[in-house]
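Structure below is run.tsv: TSV, C-alpha atoms.
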chain	number	residue	atom	x	y	z
F	1	MET	CA	14.89	-0.41	-52.45
F	2	LYS	CA	13.54	-1.31	-49.01
F	3	ARG	CA	10.21	-3.13	-49.05
F	4	LEU	CA	7.53	-1.78	-46.71
F	5	ARG	CA	5.50	-4.28	-44.70
F	6	THR	CA	1.75	-3.93	-44.52
F	7	PRO	CA	0.62	-3.43	-40.88
F	8	LEU	CA	-1.98	-6.14	-41.23
F	9	ALA	CA	-2.64	-6.48	-37.49
F	10	TRP	CA	-3.33	-2.76	-37.17
F	11	PHE	CA	-5.63	-2.71	-40.19
F	12	ASN	CA	-7.58	-5.70	-38.85
F	13	LEU	CA	-8.16	-3.97	-35.51
F	14	THR	CA	-9.04	-0.53	-36.91
F	15	TYR	CA	-11.20	-1.74	-39.80
F	16	GLU	CA	-14.30	-1.34	-37.59
F	17	ARG	CA	-13.76	1.55	-35.18
F	18	ARG	CA	-16.76	0.74	-33.01
F	19	ARG	CA	-15.52	-2.80	-32.44
F	20	LEU	CA	-12.04	-1.47	-31.64
F	21	LEU	CA	-13.42	0.91	-29.01
F	22	THR	CA	-15.43	-1.91	-27.47
F	23	ALA	CA	-12.32	-4.09	-27.39
F	24	LEU	CA	-10.24	-1.36	-25.77
F	25	ALA	CA	-12.96	-0.79	-23.18
F	26	GLY	CA	-12.80	-4.49	-22.27
F	27	VAL	CA	-9.02	-4.47	-21.91
F	28	SER	CA	-9.10	-1.21	-19.94
F	29	PHE	CA	-11.67	-2.66	-17.57
F	30	ALA	CA	-9.45	-5.66	-16.86
F	31	VAL	CA	-6.46	-3.33	-16.33
F	32	LEU	CA	-8.53	-1.14	-14.00
F	33	LEU	CA	-9.55	-4.16	-11.91
F	34	MET	CA	-5.93	-5.29	-11.58
F	35	PHE	CA	-4.78	-1.81	-10.62
F	36	MET	CA	-7.49	-1.38	-7.97
F	37	PHE	CA	-7.12	-4.77	-6.34
F	38	ARG	CA	-3.33	-4.53	-6.38
F	39	GLY	CA	-3.62	-0.96	-5.13
F	40	PHE	CA	-5.71	-2.00	-2.13
F	41	GLN	CA	-3.24	-4.76	-1.32
F	42	ASN	CA	-0.29	-2.37	-1.55
F	43	ALA	CA	-2.22	0.18	0.53
F	44	LEU	CA	-2.62	-2.44	3.23
F	45	PHE	CA	1.11	-3.09	3.37
F	46	ASP	CA	2.30	0.50	2.80
F	47	SER	CA	-0.11	1.96	5.34
F	48	GLN	CA	0.87	-0.55	8.01
F	49	VAL	CA	4.52	0.52	7.92
F	50	GLN	CA	4.22	4.25	7.15
F	51	LEU	CA	4.33	5.19	10.85
F	52	LEU	CA	7.35	2.97	11.45
F	53	GLN	CA	9.19	4.44	8.48
F	54	GLN	CA	8.64	7.98	9.80
F	55	LEU	CA	10.11	7.22	13.24
F	56	ASN	CA	13.56	8.72	13.82
F	57	GLY	CA	15.96	5.89	14.58
F	58	GLU	CA	18.07	3.27	12.82
F	59	ILE	CA	17.45	0.52	15.38
F	60	VAL	CA	14.10	-0.53	16.88
F	61	MET	CA	13.63	-2.21	20.28
F	62	VAL	CA	10.38	-3.98	21.20
F	63	SER	CA	9.15	-6.54	23.67
F	64	GLN	CA	10.32	-10.08	22.92
F	65	ILE	CA	6.68	-11.21	22.57
F	66	LYS	CA	5.67	-8.33	20.30
F	67	TYR	CA	5.30	-9.99	16.87
F	68	SER	CA	3.70	-6.95	15.25
F	69	MET	CA	4.20	-3.24	15.76
F	70	PHE	CA	0.63	-2.75	16.94
F	71	ILE	CA	0.45	-5.58	19.48
F	72	PRO	CA	0.04	-3.88	22.90
F	73	GLU	CA	3.13	-5.28	24.62
F	74	GLN	CA	5.73	-3.15	26.40
F	75	PHE	CA	9.25	-3.58	27.76
F	76	ALA	CA	11.14	-1.92	30.61
F	77	ARG	CA	12.41	1.56	29.78
F	78	ARG	CA	15.72	0.83	31.50
F	79	ARG	CA	16.67	-1.27	28.46
F	80	LEU	CA	16.89	1.99	26.51
F	81	TYR	CA	19.31	3.42	29.05
F	82	GLN	CA	21.41	0.26	28.83
F	83	ALA	CA	21.46	0.39	25.03
F	84	GLN	CA	22.49	4.03	25.03
F	85	ALA	CA	25.74	3.08	26.79
F	86	PHE	CA	26.98	1.11	23.77
F	87	ALA	CA	29.44	2.60	21.30
F	88	GLY	CA	27.76	4.11	18.24
F	89	VAL	CA	24.44	4.81	19.98
F	90	GLU	CA	23.89	8.57	20.28
F	91	ASN	CA	20.34	8.75	21.64
F	92	ALA	CA	17.55	6.46	22.81
F	93	TYR	CA	13.93	7.58	22.44
F	94	ALA	CA	10.83	6.15	24.12
F	95	PHE	CA	7.64	5.86	22.08
F	96	TYR	CA	4.25	5.07	23.60
F	97	ILE	CA	1.16	3.76	21.80
F	98	THR	CA	-2.35	3.18	23.12
F	99	THR	CA	-5.98	3.68	22.12
F	100	GLY	CA	-8.35	6.33	23.45
F	101	ASN	CA	-11.98	7.13	22.74
F	102	TRP	CA	-12.41	10.47	20.97
F	103	LYS	CA	-15.70	12.37	21.15
F	104	ASN	CA	-16.77	14.17	18.00
F	105	PRO	CA	-17.26	17.75	19.24
F	106	VAL	CA	-20.23	18.25	16.90
F	107	THR	CA	-22.16	14.96	16.87
F	108	LYS	CA	-20.91	13.74	20.30
F	109	GLU	CA	-20.31	10.29	18.82
F	110	VAL	CA	-17.35	8.42	20.32
F	111	ARG	CA	-14.77	6.68	18.14
F	112	PRO	CA	-11.44	5.08	19.05
F	113	LEU	CA	-8.26	6.82	17.90
F	114	ARG	CA	-4.68	5.63	18.15
F	115	VAL	CA	-2.66	7.71	20.61
F	116	LEU	CA	1.06	8.30	19.95
F	117	ALA	CA	3.14	9.84	22.73
F	118	PHE	CA	6.76	10.86	23.26
F	119	ASN	CA	8.91	13.65	24.67
F	120	PRO	CA	8.32	16.73	22.45
F	121	ASP	CA	11.93	17.85	23.03
F	122	GLU	CA	13.13	14.71	21.23
F	123	PRO	CA	12.79	14.36	17.42
F	124	VAL	CA	10.96	11.04	17.68
F	125	LEU	CA	8.40	11.63	14.92
F	126	PRO	CA	9.85	14.56	12.93
F	127	LEU	CA	6.84	15.43	10.78
F	128	PRO	CA	6.48	19.15	9.88
F	129	GLY	CA	3.20	19.63	11.76
F	130	ILE	CA	4.62	18.06	14.91
F	131	LEU	CA	7.89	20.00	14.82
F	132	ALA	CA	5.98	23.26	14.38
F	133	ASN	CA	3.78	22.59	17.44
F	134	ARG	CA	6.25	21.12	19.94
F	135	ASP	CA	5.77	23.96	22.42
F	136	ALA	CA	2.00	23.65	22.29
F	137	LEU	CA	2.29	19.90	22.97
F	138	LYS	CA	4.02	20.65	26.28
F	139	LEU	CA	0.91	22.35	27.61
F	140	PRO	CA	-1.38	20.21	29.79
F	141	TRP	CA	-4.31	18.37	28.17
F	142	THR	CA	-3.33	19.19	24.57
F	143	VAL	CA	-3.01	17.02	21.45
F	144	LEU	CA	-2.36	17.22	17.71
F	145	ILE	CA	-4.60	15.29	15.36
F	146	ASP	CA	-3.80	13.71	12.01
F	147	ASP	CA	-5.44	15.80	9.28
F	148	GLN	CA	-6.00	12.56	7.32
F	149	SER	CA	-8.20	11.09	10.05
F	150	ARG	CA	-11.65	9.96	9.01
F	151	ASP	CA	-14.40	12.59	8.76
F	152	GLU	CA	-16.30	10.86	11.58
F	153	VAL	CA	-13.87	12.26	14.18
F	154	GLY	CA	-15.25	15.73	13.48
F	155	PRO	CA	-13.61	19.11	12.85
F	156	THR	CA	-9.85	19.39	13.40
F	157	GLU	CA	-9.32	23.15	13.69
F	158	PRO	CA	-6.89	24.29	16.43
F	159	GLY	CA	-8.64	25.51	19.56
F	160	ILE	CA	-11.44	22.95	19.50
F	161	GLU	CA	-12.14	21.33	22.88
F	162	THR	CA	-13.65	17.88	23.24
F	163	GLU	CA	-13.00	14.65	25.16
F	164	LEU	CA	-10.33	11.97	24.86
F	165	ALA	CA	-10.51	8.92	27.14
F	166	GLU	CA	-13.34	10.72	28.98
F	167	LYS	CA	-11.08	13.64	29.87
F	168	ARG	CA	-11.19	17.17	28.54
F	169	VAL	CA	-8.71	17.83	25.74
F	170	ARG	CA	-7.79	20.81	23.57
F	171	LEU	CA	-6.70	20.48	19.96
F	172	VAL	CA	-3.68	22.71	19.29
F	173	GLY	CA	-2.81	21.76	15.69
F	174	THR	CA	-2.63	19.11	13.01
F	175	TYR	CA	-0.01	17.03	11.23
F	176	SER	CA	-0.18	14.67	8.25
F	177	LEU	CA	0.48	10.93	8.52
F	178	GLY	CA	-2.42	8.77	7.35
F	179	THR	CA	-4.49	5.95	8.74
F	180	ASP	CA	-3.96	2.21	8.59
F	181	PHE	CA	-5.87	-0.89	9.60
F	182	ALA	CA	-4.56	-0.64	13.16
F	183	SER	CA	-5.35	3.04	13.75
F	184	GLY	CA	-8.76	2.79	12.11
F	185	ASN	CA	-10.24	6.26	12.45
F	186	GLY	CA	-7.01	8.20	12.85
F	187	ASN	CA	-4.17	9.25	15.15
F	188	VAL	CA	-3.53	11.84	17.83
F	189	VAL	CA	-0.10	12.87	19.14
F	190	MET	CA	0.57	14.05	22.68
F	191	SER	CA	3.52	14.58	25.01
F	192	ASP	CA	4.68	11.84	27.34
F	193	GLN	CA	3.54	13.95	30.31
F	194	ASN	CA	0.05	14.27	28.86
F	195	PHE	CA	0.15	10.53	28.24
F	196	LEU	CA	0.44	10.14	32.01
F	197	ARG	CA	-2.41	12.60	32.61
F	198	PHE	CA	-4.77	10.73	30.31
F	199	PHE	CA	-3.84	7.08	30.88
F	200	SER	CA	-2.13	6.63	34.25
F	201	ASN	CA	-5.33	6.43	36.32
F	202	LEU	CA	-7.86	4.42	34.36
F	203	GLY	CA	-10.70	2.33	35.69
F	204	PRO	CA	-10.31	-1.12	37.26
F	205	ASP	CA	-11.17	-2.86	33.98
F	206	GLU	CA	-8.50	-1.01	31.98
F	207	ASP	CA	-4.72	-1.21	31.97
F	208	SER	CA	-3.25	2.02	33.31
F	209	ARG	CA	0.03	3.19	31.82
F	210	ASP	CA	3.15	4.90	33.10
F	211	LEU	CA	6.49	5.89	31.61
F	212	SER	CA	8.44	2.97	33.07
F	213	THR	CA	7.39	0.69	30.20
F	214	VAL	CA	7.79	1.51	26.51
F	215	ASP	CA	5.95	0.26	23.43
F	216	ILE	CA	8.76	0.98	20.97
F	217	GLY	CA	12.33	2.06	21.64
F	218	LEU	CA	14.28	3.95	18.99
F	219	LEU	CA	18.06	4.16	18.88
F	220	LYS	CA	19.66	7.02	16.98
F	221	LEU	CA	23.14	6.06	15.84
F	222	ALA	CA	26.21	8.18	15.25
F	223	ALA	CA	26.98	9.12	11.65
F	224	GLY	CA	28.80	6.35	9.82
F	225	SER	CA	27.74	3.62	12.26
F	226	ASN	CA	26.74	0.19	11.00
F	227	PRO	CA	23.16	-0.53	12.20
F	228	VAL	CA	23.42	-4.26	11.44
F	229	ALA	CA	26.62	-4.67	13.48
F	230	ILE	CA	25.34	-2.59	16.41
F	231	ALA	CA	22.03	-4.46	16.46
F	232	ARG	CA	23.93	-7.76	16.54
F	233	THR	CA	26.03	-6.56	19.48
F	234	LEU	CA	22.96	-5.37	21.39
F	235	ARG	CA	21.25	-8.75	20.90
F	236	GLN	CA	24.27	-10.50	22.34
F	237	GLN	CA	24.75	-8.17	25.32
F	238	LEU	CA	21.26	-7.16	26.45
F	239	PRO	CA	18.74	-9.46	28.21
F	240	ASN	CA	16.53	-11.56	25.95
F	241	ASP	CA	13.26	-10.01	27.13
F	242	ILE	CA	13.51	-7.60	24.17
F	243	SER	CA	13.86	-8.02	20.42
F	244	ILE	CA	16.24	-5.75	18.54
F	245	TYR	CA	15.99	-4.99	14.82
F	246	THR	CA	17.33	-2.52	12.36
F	247	LYS	CA	14.47	-0.41	11.04
F	248	ASP	CA	14.55	-2.25	7.69
F	249	GLU	CA	14.39	-5.60	9.48
F	250	PHE	CA	11.41	-4.51	11.55
F	251	VAL	CA	9.63	-3.24	8.43
F	252	ASP	CA	10.14	-6.71	6.92
F	253	VAL	CA	8.82	-8.34	10.11
F	254	GLU	CA	5.72	-6.17	9.97
F	255	LEU	CA	5.08	-6.82	6.29
F	256	THR	CA	5.62	-10.56	6.75
F	257	TYR	CA	3.07	-10.59	9.56
F	258	TRP	CA	0.39	-8.96	7.40
F	259	ARG	CA	1.20	-11.11	4.38
F	260	GLU	CA	1.32	-14.48	6.13
F	261	ASN	CA	-0.94	-14.11	9.16
F	262	THR	CA	-3.91	-12.25	7.76
F	263	ALA	CA	-6.40	-13.24	5.08
F	264	ILE	CA	-6.54	-9.76	3.55
F	265	GLY	CA	-3.37	-10.13	1.50
F	266	PHE	CA	-4.52	-13.49	0.12
F	267	VAL	CA	-7.94	-12.09	-0.78
F	268	PHE	CA	-6.52	-9.19	-2.81
F	269	THR	CA	-4.00	-11.49	-4.52
F	270	LEU	CA	-6.85	-13.80	-5.49
F	271	LEU	CA	-8.93	-10.90	-6.81
F	272	THR	CA	-5.98	-9.60	-8.85
F	273	THR	CA	-5.45	-13.06	-10.33
F	274	MET	CA	-9.15	-13.30	-11.19
F	275	SER	CA	-8.94	-9.90	-12.91
F	276	PHE	CA	-6.02	-11.21	-14.96
F	277	ALA	CA	-8.08	-14.27	-15.95
F	278	VAL	CA	-11.03	-12.07	-16.91
F	279	GLY	CA	-8.70	-10.04	-19.11
F	280	VAL	CA	-7.39	-13.19	-20.83
F	281	ILE	CA	-10.95	-14.25	-21.63
F	282	LEU	CA	-11.98	-10.80	-22.88
F	283	VAL	CA	-8.98	-10.40	-25.18
F	284	TYR	CA	-9.36	-13.98	-26.45
F	285	GLN	CA	-12.98	-13.34	-27.41
F	286	ILE	CA	-11.97	-10.13	-29.18
F	287	LEU	CA	-9.19	-11.82	-31.15
F	288	TYR	CA	-11.29	-14.90	-31.89
F	289	THR	CA	-14.08	-12.74	-33.29
F	290	ASP	CA	-11.58	-10.83	-35.43
F	291	ILE	CA	-10.11	-14.08	-36.77
F	292	SER	CA	-13.56	-15.47	-37.51
F	293	ASP	CA	-14.51	-12.35	-39.44
F	294	HIS	CA	-11.33	-12.60	-41.53
F	295	TRP	CA	-11.28	-16.37	-41.84
F	296	LYS	CA	-11.16	-16.46	-45.63
F	297	GLU	CA	-8.51	-13.75	-45.74
F	298	TYR	CA	-6.27	-15.80	-43.49
F	299	ALA	CA	-6.89	-18.87	-45.64
F	300	THR	CA	-6.00	-16.84	-48.74
F	301	LEU	CA	-2.71	-15.78	-47.13
F	302	LYS	CA	-1.88	-19.42	-46.49
F	303	ALA	CA	-2.74	-20.26	-50.11
F	304	MET	CA	-0.32	-17.52	-51.20
F	305	GLY	CA	2.47	-19.18	-49.24
F	306	TYR	CA	2.45	-17.31	-45.95
F	307	THR	CA	3.45	-19.59	-43.08
F	308	ASN	CA	1.74	-20.24	-39.79
F	309	ARG	CA	4.62	-18.38	-38.15
F	310	TYR	CA	3.75	-15.23	-40.08
F	311	LEU	CA	0.06	-15.54	-39.19
F	312	LEU	CA	1.01	-16.12	-35.56
F	313	GLY	CA	2.95	-12.85	-35.70
F	314	VAL	CA	-0.12	-11.00	-37.01
F	315	VAL	CA	-2.31	-12.26	-34.18
F	316	VAL	CA	0.35	-11.57	-31.53
F	317	GLN	CA	0.87	-8.05	-32.87
F	318	GLY	CA	-2.86	-7.44	-32.62
F	319	ALA	CA	-2.86	-8.72	-29.03
F	320	LEU	CA	0.04	-6.44	-28.06
F	321	ILE	CA	-1.62	-3.42	-29.71
F	322	LEU	CA	-4.78	-4.08	-27.73
F	323	GLY	CA	-2.75	-4.45	-24.55
F	324	ILE	CA	-0.83	-1.19	-24.96
F	325	LEU	CA	-3.82	0.89	-26.09
F	326	GLY	CA	-6.08	-0.61	-23.41
F	327	PHE	CA	-3.51	-0.08	-20.66
F	328	VAL	CA	-3.39	3.71	-21.04
F	329	PRO	CA	-7.05	4.55	-20.15
F	330	GLY	CA	-7.05	1.87	-17.42
F	331	TYR	CA	-3.95	3.46	-15.90
F	332	LEU	CA	-5.34	7.01	-16.07
F	333	ILE	CA	-8.67	6.05	-14.52
F	334	SER	CA	-6.81	4.15	-11.79
F	335	LEU	CA	-4.82	7.29	-10.95
F	336	ILE	CA	-8.05	9.18	-10.35
F	337	LEU	CA	-9.54	6.39	-8.25
F	338	TYR	CA	-6.31	6.04	-6.22
F	339	ARG	CA	-6.45	9.71	-5.25
F	340	LEU	CA	-10.17	9.53	-4.48
F	341	THR	CA	-9.67	6.45	-2.30
F	342	ALA	CA	-6.70	8.00	-0.48
F	343	SER	CA	-8.60	11.20	0.29
F	344	THR	CA	-11.69	9.30	1.46
F	345	THR	CA	-10.09	6.56	3.56
F	346	GLY	CA	-6.68	8.01	4.48
F	347	LEU	CA	-4.98	4.85	3.19
F	348	LEU	CA	-1.65	5.17	1.41
F	349	MET	CA	-2.62	4.49	-2.21
F	350	GLN	CA	0.63	4.91	-4.15
F	351	MET	CA	1.07	4.56	-7.90
F	352	THR	CA	4.79	3.96	-8.17
F	353	LEU	CA	6.72	3.54	-11.41
F	354	GLY	CA	7.74	0.01	-10.51
F	355	ARG	CA	4.18	-1.08	-9.78
F	356	SER	CA	2.90	0.52	-12.98
F	357	LEU	CA	5.54	-1.28	-15.05
F	358	ASN	CA	4.71	-4.60	-13.36
F	359	LEU	CA	1.05	-4.25	-14.30
F	360	LEU	CA	1.97	-3.16	-17.81
F	361	ILE	CA	3.98	-6.37	-18.17
F	362	ALA	CA	1.05	-8.33	-16.70
F	363	THR	CA	-1.29	-6.69	-19.24
F	364	LEU	CA	0.97	-7.58	-22.18
F	365	LEU	CA	1.34	-11.13	-20.84
F	366	MET	CA	-2.43	-11.35	-20.53
F	367	CYS	CA	-2.83	-10.35	-24.18
F	368	LEU	CA	-0.06	-12.71	-25.34
F	369	ILE	CA	-1.75	-15.65	-23.62
F	370	SER	CA	-5.03	-14.73	-25.32
F	371	GLY	CA	-3.26	-14.44	-28.67
F	372	ALA	CA	-1.56	-17.81	-28.22
F	373	ILE	CA	-4.93	-19.44	-27.61
F	374	ALA	CA	-6.71	-17.64	-30.45
F	375	VAL	CA	-3.99	-18.33	-33.03
F	376	ARG	CA	-4.86	-22.01	-33.12
F	377	LYS	CA	-7.84	-21.16	-35.30
F	378	VAL	CA	-5.55	-19.33	-37.75
F	379	GLN	CA	-3.18	-22.27	-37.92
F	380	ALA	CA	-6.11	-24.53	-38.72
F	381	ALA	CA	-7.11	-22.39	-41.71
F	382	ASP	CA	-7.35	-24.49	-44.88
F	383	PRO	CA	-6.41	-22.79	-48.20
F	384	ALA	CA	-9.08	-24.87	-49.90
F	385	GLU	CA	-11.69	-22.88	-48.04
F	386	VAL	CA	-10.86	-19.88	-50.24
F	387	PHE	CA	-12.85	-21.59	-52.98
F	388	GLY	CA	-15.54	-23.02	-50.70
F	389	SER	CA	-19.03	-21.74	-50.41

Output the file's structure in the form of structure tokens.
Amino acid sequence: MKRLRTPLAWFNLTYERRRLLTALAGVSFAVLLMFMFRGFQNALFDSQVQLLQQLNGEIVMVSQIKYSMFIPEQFARRRLYQAQAFAGVENAYAFYITTGNWKNPVTKEVRPLRVLAFNPDEPVLPLPGILANRDALKLPWTVLIDDQSRDEVGPTEPGIETELAEKRVRLVGTYSLGTDFASGNGNVVMSDQNFLRFFSNLGPDEDSRDLSTVDIGLLKLAAGSNPVAIARTLRQQLPNDISIYTKDEFVDVELTYWRENTAIGFVFTLLTTMSFAVGVILVYQILYTDISDHWKEYATLKAMGYTNRYLLGVVVQGALILGILGFVPGYLISLILYRLTASTTGLLMQMTLGRSLNLLIATLLMCLISGAIAVRKVQAADPAEVFGS
């Protein structure tokens, strides 16, 4: 007949329900902190590359001195025409980026928005809202605005007229992209011809733009082409005043820039690590208190012949139970806060399966470390204390 083991760790934790709830609240709080700080860090990286990932092209061309997507450096548009002559390259698209001051049509406050421009007849940024309004974009002095722009830019209903770069503009629709740390308040999309109307004749203290220089070039390849091989060929054959990447390579360049050249990534990593340390301390105090309250019981078990290895297993089981039960409410609350943050700021707060599993592993590791520290008191239990005062 199979012998049933007594779930001692579970009984120890659930013996006092109020203490268990307090313990779970502590673990959940540590989990919540890790999720939020890691979420903000991921939002920084994800948001910075979301525009790039939406652009329609397998190869990206930028100025040789452009070390980040949002650095305002251009290259000659003729490089796109030269690249289009190579085998495997089907189309070459020009993409223009600048900043323009947008006047809130209600409050009249002025805020900078990022301006994205291209030929509407070319599928440069094939988002549903943009594709549905391509004809409207061809009209003079018209733009689309990102519906995830900050509330400070004002209403975004089609037909609204206001000012962009101190020129009259009419809003003809919306699309959905999201903000990042470079766009700040939001994005507007316009045609390349409207780009000329708004930014080709600026004041003496501003850099006027034309269509002869491009911020980002996109190469659309034929089906079955090898982007890595074609990019290598283009680097060898075209002048070295441009840098050529596959889209994946340029995404890596962008992420590397934000990870290694800004303090924001380090700050959120530090905060996540501190949250982990806080969790270790909280769980240790919970387990230590539980061991202290059952000190004589542990000593009795040792007097009965149970080994330190068995007692270690009891403590570790208790730590893992706390970790799993505490992770669930922390995860659910984080989901709510992620959505609230995304809707308020426009940042790309994503709760992916991989990231959730990583933090679950971190939570269990946090509890195991606490259990390993707390178990030393169990191992020091003296059977003679059973008969002490």

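From CA of Gly178 in chain F back to CA of Gly100 in chain F, the distance works out to 17.3 Å.
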
Legend entry - Phe327 in chain F surroundings by only C-alpha atoms, 12 Å radius, close-in-sequence under 4 positions cut, as a PyMOL selection string: chain F and resi 23-35+279+320-323+331-334+356-364+366-367

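Closest approach to Asp290 in chain F among F:Ile369, F:Val115, F:Val153, F:Val375: F:Val375, based on all atoms listed in the file.
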
Legend entry - Atomic separation - CA of Ala231 in chain F relative to CA of Pro72 in chain F, Å: 22.9 Å

Inset, instruction - Please provide the set of residues having any atom within 9 Å of Leu164 in chain F, restricted to all atoms listed in the file, with same-chain residues fewer than 2 positions apart removed, written as a PyMOL selection string. - result: chain F and resi 100-103+113+162+166-169+198

Write the residues you've just listed into a file as a tab-separated table (two decimals), keeping the file's coordinate frame, and include C-alpha atoms for each of them.
chain	number	residue	atom	x	y	z
F	100	GLY	CA	-8.35	6.33	23.45
F	101	ASN	CA	-11.98	7.13	22.74
F	102	TRP	CA	-12.41	10.47	20.97
F	103	LYS	CA	-15.70	12.37	21.15
F	113	LEU	CA	-8.26	6.82	17.90
F	162	THR	CA	-13.65	17.88	23.24
F	166	GLU	CA	-13.34	10.72	28.98
F	167	LYS	CA	-11.08	13.64	29.87
F	168	ARG	CA	-11.19	17.17	28.54
F	169	VAL	CA	-8.71	17.83	25.74
F	198	PHE	CA	-4.77	10.73	30.31

Legend entry - One-decimal distance in Å that lies between CA of Thr174 in chain F and CA of Pro128 in chain F: 9.6 Å

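The closest residue to Ser47 in chain F, picked from F:Met69, F:Met274, F:Ala182, F:Val314 and counting all atoms listed in the file, is F:Ala182.
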
Legend entry - Contacts of Leu44 in chain F at 8 Å (all atoms listed in the file; same-chain gap of 4+ positions) as a PyMOL selection string: chain F and resi 40+48+180-181+265+347-348

Inset, instruction - Please write as a PyMOL selection string the list of polymer residues whose atoms come within 10 Å of (17.5, 7.6, 25.8), counting all atoms listed in the file and keeping to the coordinates of the file. - result: chain F and resi 77-85+89-94+122+217-220

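Considering all atoms listed in the file, the residue among F:Gln74, F:Gly313, F:Asn133, F:Gln285 positioned nearest to Arg19 in chain F is F:Gln285.
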
Legend entry - Close residues, Arg376 in chain F itself excluded, 12 Å, all atoms listed in the file, min 6 positions apart in chain, as an NGL selection string: :F and (284 or 287-288 or 291-292 or 308-309 or 311-312 or 315-316 or 369-370)

Legend entry - Shell of 10 Å around Gly224 in chain F, all atoms listed in the file, local chain residues under 3 positions omitted, as a PyMOL selection string: chain F and resi 88+221+227

With C-alpha atoms kept, could you save the residues just selected as an mmCIF file, in the coordinates of the input?
data_model
loop_
_atom_site.group_PDB
_atom_site.id
_atom_site.type_symbol
_atom_site.label_atom_id
_atom_site.label_comp_id
_atom_site.auth_asym_id
_atom_site.auth_seq_id
_atom_site.Cartn_x
_atom_site.Cartn_y
_atom_site.Cartn_z
ATOM 1 C CA GLY F 88 27.760 4.110 18.240
ATOM 2 C CA LEU F 221 23.140 6.060 15.840
ATOM 3 C CA PRO F 227 23.160 -0.530 12.200
#

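Among the candidate residues F:Ile97, F:Ile130, F:Val228, F:Leu139, the one lying nearest to Arg209 in chain F is F:Ile97, with distances computed using all atoms listed in the file.
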
Which centre and edge lengths in Å to one decimal define the box along x, y and z that fits every listed atom of range 121-138 of chain F plus 3 Å per side, as JSON?
{"center_x": 7.6, "center_y": 17.5, "center_z": 18.1, "size_x": 17.1, "size_y": 18.9, "size_z": 22.4}

Inset, instruction - Give the answer as one residue: which of F:Thr99, F:Asn56, F:Ser149, F:Ser68 has the shortest atom-to-atom distance to Pro123 in chain F, using all atoms listed in the file? - result: F:Asn56

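Closest approach to Thr246 in chain F from the set F:Asn104, F:Arg259, F:Ala229, F:Leu131 is made by F:Ala229, with distances taken over all atoms listed in the file.
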